[in-house]
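Peer 1: Have a look at this one.
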Amino acid sequence: MPERRTVALVTLGCARNEVDSEELAGRLEADGWQLVEDAAQADVAVVNTCGFVEAAKKDSVDALLEANDLKDHGRTQAVVAVGCMAERYGKELAEALPEADGVLGFDDYADISDRLQTILSGGVHASHTPRDRRRLLPISPAERQDAGTEVAIPGHGPTDLPEGVAPASGPRAPLRRRLDGAPVASVKLASGCDRRCSFCAIPSFRGSFISRRPSDVLNETRWLAEQGVKEIMLVSENNTSYGKDLGDIRLLESLLPELAEVDGIERVRVSYLQPAEMRPGLIDVLTSTPKVVPYFDLSFQHSAPGVLRAMRRFGDTDRFLELLDTIRTKAPEAGVRSNFIVGFPGESDADLAELERFLNGARLDAIGVFGYSDEEGTEAATYDDKLDEDVVAERLARVSRLAEELVSQRAEERVGQTVHVLVESVDAEDGVRGRAAHQAPETDGQVLLVGGEGLDVGRMVEAKVVGTEGVDLVAEPLAGTLAWSEEVGR
């Protein structure tokens with residue numbers, strides 16, 4: 001009997017890429033590939049790249065080169081690039097990086113097994129010529145669902161599959177295979193984006209916004225619960241637009257309670273929210289539904305009106321602070337995080353001071369700060385009033401220092417509070433660590449559970465915050481509160 005072909009998936013970038021990797025894993029396993037964690041033990045190393053900003057692209061290239069080195073002293077025979085960078089650059093990436101034996105775009109995902117077999121056998125699969133994927137779907141959102149069946153949209157695989165196409169789990173098994181045993185998993189709510197932010201290239205290679213049907217999201221969540229997942233995080237480029245192409249812009253408000261009722265799911269988190277699209281009904285559901293955490297990942301980007309207009313965005317400091325006040329009036333302990341760009345073309349000293357005024361008043365739990373750099377193909381790259389690189393670097397350092405100070409202060413405000421912690425790691429040296437409701441995986445802080453010995457990964461623990469370590473919290477488990485009560489998740 002011939003030895004099974006082995007493949008390893010190396011994932012970079014955001015949670016959306018993680019979902020895409022698990023879809024690729026499901027397709028490959030269904031076609032007889034053996035999935036391995038260590039790329040050195042794989043016949044083919046598949047690197048799911050990120051193409052968002054320059055630093056992420058560099059990380060992707062480094063990962064491809066590192067995987068290529070394995071061909072000299074490991075089992076690896078081929079290295080293949082997939083994901084956003086591969087989709088965005090196609091032939092250009094293949095020519096610039098001959099170390100990659102293949103560069104596959106989203107259109108190749110449905111045939112990923114055949115593509116890898118061709119490459120492994122020494123054949124060549126021609127890399128695609130990049131195109132603007134926004135043009136693949138109708139301009140009208142109402143017409144996209146039918147057209148979407150003819151367009152490759154990663155993470156939108158069917159959830160009612162023939163036996164053997166996904167792990168045995170009844171008719172609701174999705175086209176997905178988990179790549180780790182973590183108690184939290186992302187679920188893709190939609191793909192693409194209709195916004196036209198002047199600094200962002202994502203819509204050009206991810207396409208226009210298209211929602212997944214609620215039944216698919218529910219079926220996938222049920223399947224994840226069967227795999228031991230306790231928390232799901234809904235991801236997309238813009239969750240606040242969910243349902244607009246299905247005829248109901250308030251669809252998220254009705255879907256969230258249904259997801260929270262899935263047996264085994266103890267926490268539902270929503271990420272990627274647009275401040276300009278927040279509505280009272282959505283805030284109400286996020287702050288009052290049991291097991292749906294009051295967590296607000298709001299994409300502010302800046303708060304000075306002039307900079308926001310140049311970004312093709314909306315709002316200002318006072319309106320943003322009013323939104324946060326509305327949220328905290330309903331859920332005083334709500335978690336809020338956001339990202340910001342400093343040094344945007346035309347940003348004045350007064351604009352920077354306005355951003356600092358917002359940050360000082362916002363009491364955010366997590367803050368990401370990025371210095372502006374041109375992204376090819378974006379409107380902002382054509383702007384004339386660019387700041388010198390040293391000015392951008394100075395502003396990045398200045399606002400980053402402020403952000404670090406402010407998130408530490410916000411963490412200190414939580415001392416004395418009771419938090420519900422999902423245990424994610426138990427280590428003899430690092431201790432027992434998890435996340436509270438206001439902390440999303442990867443991007444936010446953690447909770448160190450002092451005296452949590454004996455707890456298992458995936459356990460939900462009620463604990464009292466007794467200290468901080470920067471943005472992280474230190475908490476002590478409370479006796480007799482190691483299971484969900486009806487109030488947990490509020």
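Residue numbering restarts at 1 for every chain of the structure tokens, chains are lettered A, B, ... in their displayed order, and ligands are numbered from 1 as they appear.
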Could you name the residues that touch Glu95 in chain A at 12 Å or less, counting only C-alpha atoms, but leaving out those on the same chain fewer than 4 positions away, as a list in words?

Peer 2: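 In the requested form, the answer reads Ala86, Tyr89, Gly90, Lys91, Glu99, Ala100, Asp101, Gly102, Val103, Ala126, Ser127, His128 and Thr129 of chain A.
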
Peer 1: Report as a compact mmCIF listing (two decimals) with N, CA, C and O atoms, in the first residue's frame: the residues of range 13-248 of chain A with a DSSP assignment of strand (DSSP E), based on the backbone of this structure.

Peer 2:
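Generated file (result23.txt):
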```txt
# COMPACT_ATOMS: atom_id res chain seq x y z
N GLN A 34 -2.81 13.21 4.37
CA GLN A 34 -2.61 13.15 5.81
C GLN A 34 -2.09 14.51 6.28
O GLN A 34 -1.07 15.00 5.78
N LEU A 35 -2.79 15.11 7.22
CA LEU A 35 -2.40 16.42 7.73
C LEU A 35 -1.41 16.26 8.87
O LEU A 35 -1.62 15.47 9.79
N VAL A 44 4.28 18.32 1.27
CA VAL A 44 3.99 19.66 0.76
C VAL A 44 3.70 20.59 1.93
O VAL A 44 2.90 20.26 2.81
N ALA A 45 4.35 21.73 1.95
CA ALA A 45 4.07 22.78 2.92
C ALA A 45 3.26 23.86 2.23
O ALA A 45 3.71 24.45 1.25
N VAL A 46 2.05 24.09 2.72
CA VAL A 46 1.16 25.10 2.15
C VAL A 46 1.16 26.31 3.09
O VAL A 46 0.76 26.19 4.26
N VAL A 47 1.60 27.45 2.61
CA VAL A 47 1.67 28.66 3.42
C VAL A 47 0.51 29.57 3.05
O VAL A 47 0.44 30.06 1.91
N ASN A 48 -0.40 29.77 3.99
CA ASN A 48 -1.55 30.64 3.78
C ASN A 48 -1.12 32.06 4.13
O ASN A 48 -1.01 32.43 5.30
N THR A 49 -0.86 32.86 3.11
CA THR A 49 -0.21 34.15 3.28
C THR A 49 -1.18 35.27 3.61
O THR A 49 -2.39 35.17 3.39
N ALA A 78 7.85 20.16 -1.71
CA ALA A 78 7.26 21.31 -2.41
C ALA A 78 6.71 22.31 -1.41
O ALA A 78 6.23 21.94 -0.34
N VAL A 79 6.79 23.58 -1.80
CA VAL A 79 6.25 24.68 -0.99
C VAL A 79 5.27 25.45 -1.86
O VAL A 79 5.61 25.86 -2.98
N VAL A 80 4.06 25.66 -1.35
CA VAL A 80 3.00 26.29 -2.13
C VAL A 80 2.42 27.47 -1.36
O VAL A 80 2.14 27.37 -0.17
N ALA A 81 2.27 28.59 -2.05
CA ALA A 81 1.67 29.78 -1.45
C ALA A 81 0.19 29.85 -1.82
O ALA A 81 -0.19 29.67 -2.98
N VAL A 82 -0.65 30.08 -0.80
CA VAL A 82 -2.07 30.36 -1.02
C VAL A 82 -2.40 31.61 -0.20
O VAL A 82 -1.54 32.24 0.35
N GLY A 83 -3.66 31.98 -0.13
CA GLY A 83 -4.06 33.10 0.71
C GLY A 83 -4.05 34.44 0.00
O GLY A 83 -3.93 34.54 -1.23
N GLY A 102 4.57 26.71 -6.20
CA GLY A 102 3.25 27.02 -6.73
C GLY A 102 2.66 28.21 -6.02
O GLY A 102 2.91 28.42 -4.83
N VAL A 103 1.93 29.03 -6.75
CA VAL A 103 1.20 30.17 -6.18
C VAL A 103 -0.25 30.02 -6.61
O VAL A 103 -0.58 30.17 -7.79
N VAL A 184 -11.58 27.65 21.41
CA VAL A 184 -12.20 28.76 20.70
C VAL A 184 -11.94 28.58 19.21
O VAL A 184 -10.88 28.09 18.81
N ALA A 185 -12.93 28.93 18.39
CA ALA A 185 -12.78 28.82 16.94
C ALA A 185 -13.52 29.97 16.28
O ALA A 185 -14.56 30.43 16.76
N SER A 186 -12.98 30.42 15.16
CA SER A 186 -13.62 31.47 14.39
C SER A 186 -14.63 30.86 13.42
O SER A 186 -14.43 29.77 12.90
N VAL A 187 -15.71 31.59 13.19
CA VAL A 187 -16.73 31.20 12.22
C VAL A 187 -16.91 32.37 11.27
O VAL A 187 -17.16 33.50 11.71
N LYS A 188 -16.78 32.10 9.98
CA LYS A 188 -16.88 33.18 9.01
C LYS A 188 -18.35 33.53 8.80
O LYS A 188 -19.17 32.69 8.46
N ALA A 190 -19.26 36.35 6.87
CA ALA A 190 -19.36 36.93 5.53
C ALA A 190 -17.96 37.06 4.96
O ALA A 190 -16.96 36.82 5.66
N SER A 191 -17.88 37.45 3.69
CA SER A 191 -16.58 37.71 3.06
C SER A 191 -16.68 38.99 2.25
O SER A 191 -17.75 39.38 1.80
N ILE A 210 -20.39 39.62 0.81
CA ILE A 210 -21.42 38.61 0.62
C ILE A 210 -21.57 37.80 1.92
O ILE A 210 -20.58 37.32 2.48
N SER A 211 -22.79 37.70 2.40
CA SER A 211 -23.08 37.03 3.66
C SER A 211 -23.21 35.52 3.46
O SER A 211 -23.63 35.05 2.40
N GLU A 231 -16.13 28.50 22.67
CA GLU A 231 -16.36 29.90 22.26
C GLU A 231 -16.21 30.01 20.75
O GLU A 231 -15.24 29.50 20.17
N ILE A 232 -17.15 30.68 20.11
CA ILE A 232 -17.00 30.99 18.70
C ILE A 232 -16.84 32.50 18.55
O ILE A 232 -17.43 33.28 19.30
N MET A 233 -16.02 32.88 17.57
CA MET A 233 -15.83 34.29 17.26
C MET A 233 -16.25 34.50 15.82
O MET A 233 -15.70 33.89 14.89
N LEU A 234 -17.24 35.34 15.61
CA LEU A 234 -17.74 35.61 14.27
C LEU A 234 -16.82 36.60 13.59
O LEU A 234 -16.55 37.69 14.12
N VAL A 235 -16.34 36.24 12.40
CA VAL A 235 -15.38 37.07 11.70
C VAL A 235 -15.84 37.36 10.28
O VAL A 235 -16.58 36.60 9.67
```

Peer 1: Do you know which residues are at most 10 Å from Leu298 in chain A counting only C-alpha atoms, after dropping those on the same chain fewer than 2 positions away, and could you put them as a list in words?

Peer 2: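 After dropping sequence-adjacent residues, the list is Ser271, Tyr272, Leu273, Gln274, Pro275, Ala276, Met278, Tyr295, Phe296, Phe300, Gln301, Phe320, Leu324, Val336, Arg337, Ser338 and Asn339 of chain A.
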
Peer 1: I'd like the contact shell of range 142-146 of chain A - 7 Å cut-off, only C-alpha atoms, skipping same-chain residues fewer than 2 positions apart - returned as a PyMOL selection string.

Peer 2: chain A and resi 137-138+140+148-149+210+245-247

Peer 1: As a list in words, please: every residue in range 199-274 of chain A that a backbone DSSP assignment puts in alpha helix (DSSP H).

Peer 2: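 Restricting range 199-274 of chain A to alpha helix (DSSP H) produces Ile202, Pro203, Ser204, Phe205, Arg206, Pro214, Ser215, Asp216, Val217, Leu218, Asn219, Glu220, Thr221, Arg222, Trp223, Leu224, Ala225, Glu226, Leu251, Leu252, Glu253, Ser254, Leu255, Leu256, Pro257, Glu258, Leu259 and Ala260 of chain A.
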
Peer 1: For Lys330 in chain A, please output as a list in words all residues within 10 Å (counting only C-alpha atoms; exclusion window: fewer than 4 positions along the same chain).

Peer 2: Ile283, Asp284, Leu286, Thr287, Ser288, Pro294, Asp325, Thr326 and Ala334 of chain A

Peer 1: Can you work out the spacing between CA of Gly416 in chain A and CA of Lys464 in chain A in Å, to one decimal?

Peer 2: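 Spanning CA of Gly416 in chain A to CA of Lys464 in chain A is a straight-line distance of 6.2 Å.
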
Peer 1: Please indicate the distance in Å from CA of Leu422 in chain A to CA of Asp472 in chain A, rounded to one decimal place.

Peer 2: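 Between CA of Leu422 in chain A and CA of Asp472 in chain A the gap is 14.3 Å.
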